[in-house]
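Report on one structure; see the data block that follows.
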Amino acid sequence: WEPKGNRFGVIHGEEANYADVSFYSMDSTSTGKLKHIFTVPKKQFKSILWSPLGTVALLARVGHPSEATNGTYEWYNVTENELIGLAEHYSATHMEWDASGRFVCSYTTNESWEADNGYNIYNISGRMTATINMNKMYQFLWRPRPQLYLTAEQEKNVRKNIKKYREEFKREDDELKESMRSGKAAERRDMRLKWAEYLATKADLVKAIEEKLAEFKIGKEDDYIEIEEVEEEFIDIKEEVDRTRKMLNSDDERD
């Protein structure tokens, strides 16, 4: 059953691995008339997890890590009959919504394969916001939230006019974003102007440096002189007399 609602979901079918997921509503608590909303056909899901605030139903398959099909999720807006998110977390063993209904966590607590333990956190539309690997993680718990201060009538009014509020909040968000963009653009423009002013104040100094360099003719190719340095290294010479050879005299025959 949907929390604080009149809708519920059913997983049904004849095949073991593929089943249909159907959603129904009770038009009136007084008459108990049953109304079919829509059906998601041929899925491998084992659980329907409603957001604590209702409206969004998460179809999940979690369980023992050895099952190959574990870790597939689909988010549905039951009011709009719309698939709003898809995700995968293979080997996940648990799935838990936080008390606000804004986030949901899939996590693995496997004592046999502790190195694969960890958790993923998704927002209400199925977009992943965090993924953490944590060896030897055995439990995940959301912090409890205090009870809402809205009365039942006020909460009912919010649900009834949720589209109007959504448009108002979106308009306010867009105005805030545009204001931030305009502010940043103005800030960058001021920085450019200040930089130009700073360069203008240093123009006389730059001109004086250029004139000084011109006096020394620094910077022209013709002003450079190539100097070649040659180093000579003297090696000691040692003379030795070969006394084994016979010295010639004037009577010896010569070639």
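Every chain in the structure tokens has a letter given in the order shown (A, B, ...), and although residue numbers restart at 1 in each chain, ligands are simply numbered from 1 in the order shown.
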* Asked: Counting only C-alpha atoms, what is within 12 Å of segment 93-96 of chain A, bar same-chain residues fewer than 5 positions away, as a ChimeraX atom specification?
  -> /A:46-52,58-73,88,101-111,116-124,137-143
* Give me every strand (DSSP E) residue in segment 43-223 of chain A, going by DSSP on the backbone, as an NGL selection string. => :A and (43 or 47-50 or 56-61 or 72-77 or 82-88 or 94-97 or 103-108 or 118-123 or 128-133)
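Between atom CA of Glu14 of chain A and atom CA of Phe45 of chain A the separation is 13.7 Å.
The nearest approach to Pro3 of chain A among the residues A:Leu53, A:Glu15, A:Glu175, A:Phe23, with only C-alpha atoms taken into account, belongs to A:Leu53.
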With a distance cut-off of 6 Å and only C-alpha atoms, select the neighbouring residues of segment 75-83 of chain A, excluding the residue or stretch itself and same-chain residues fewer than 6 positions from it, and output the selection as an mmCIF file with all heavy atoms, in the first residue's frame.
data_model
loop_
_atom_site.group_PDB
_atom_site.id
_atom_site.type_symbol
_atom_site.label_atom_id
_atom_site.label_comp_id
_atom_site.auth_asym_id
_atom_site.auth_seq_id
_atom_site.Cartn_x
_atom_site.Cartn_y
_atom_site.Cartn_z
ATOM 1 N N THR A 55 3.315 8.646 -3.910
ATOM 2 C CA THR A 55 3.436 9.069 -5.315
ATOM 3 C C THR A 55 4.468 8.256 -6.089
ATOM 4 O O THR A 55 4.184 7.741 -7.171
ATOM 5 C CB THR A 55 3.788 10.565 -5.441
ATOM 6 O OG1 THR A 55 2.809 11.327 -4.742
ATOM 7 C CG2 THR A 55 3.813 11.006 -6.901
ATOM 8 N N VAL A 56 5.695 8.125 -5.572
ATOM 9 C CA VAL A 56 6.765 7.436 -6.284
ATOM 10 C C VAL A 56 6.907 6.019 -5.738
ATOM 11 O O VAL A 56 7.046 5.822 -4.518
ATOM 12 C CB VAL A 56 8.097 8.181 -6.152
ATOM 13 C CG1 VAL A 56 9.227 7.379 -6.796
ATOM 14 C CG2 VAL A 56 7.998 9.556 -6.800
ATOM 15 N N ALA A 57 6.877 5.045 -6.657
ATOM 16 C CA ALA A 57 7.063 3.643 -6.296
ATOM 17 C C ALA A 57 8.346 3.135 -6.936
ATOM 18 O O ALA A 57 8.590 3.366 -8.127
ATOM 19 C CB ALA A 57 5.883 2.799 -6.752
ATOM 20 N N LEU A 58 9.160 2.475 -6.150
ATOM 21 C CA LEU A 58 10.422 1.913 -6.628
ATOM 22 C C LEU A 58 10.260 0.409 -6.779
ATOM 23 O O LEU A 58 9.940 -0.290 -5.819
ATOM 24 C CB LEU A 58 11.535 2.245 -5.643
ATOM 25 C CG LEU A 58 12.878 1.531 -5.855
ATOM 26 C CD1 LEU A 58 13.465 1.861 -7.217
ATOM 27 C CD2 LEU A 58 13.846 1.911 -4.742
#
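Pairwise distance (atom CA of Leu199 of chain A, atom CA of Ala186 of chain A) equals 20.2 Å.
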* Just the alpha helix (DSSP H) stuff from segment 100-202 of chain A, please, per backbone DSSP, written as JSON, numbers by chain. => {"A": [152, 153, 154, 155, 156, 157, 158, 159, 160, 162, 163, 164, 165, 166, 167, 168, 169, 170, 171, 172, 173, 174, 175, 176, 177, 178, 179, 180, 181, 182, 183, 184, 185, 186, 187, 188, 189, 190, 191, 192, 193, 194, 195, 196, 197, 198, 199, 200, 201]}
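Of the residues listed (A:Gly126, A:Lys35, A:Ala99, A:Asp174), A:Ala99 shows the shortest atom-to-atom separation from Leu148 of chain A; distances use only C-alpha atoms.
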* Using only C-alpha atoms, which of A:Thr131, A:Gln147, A:Asn17, A:Ser22 sits nearest Ser100 of chain A? -> A:Gln147
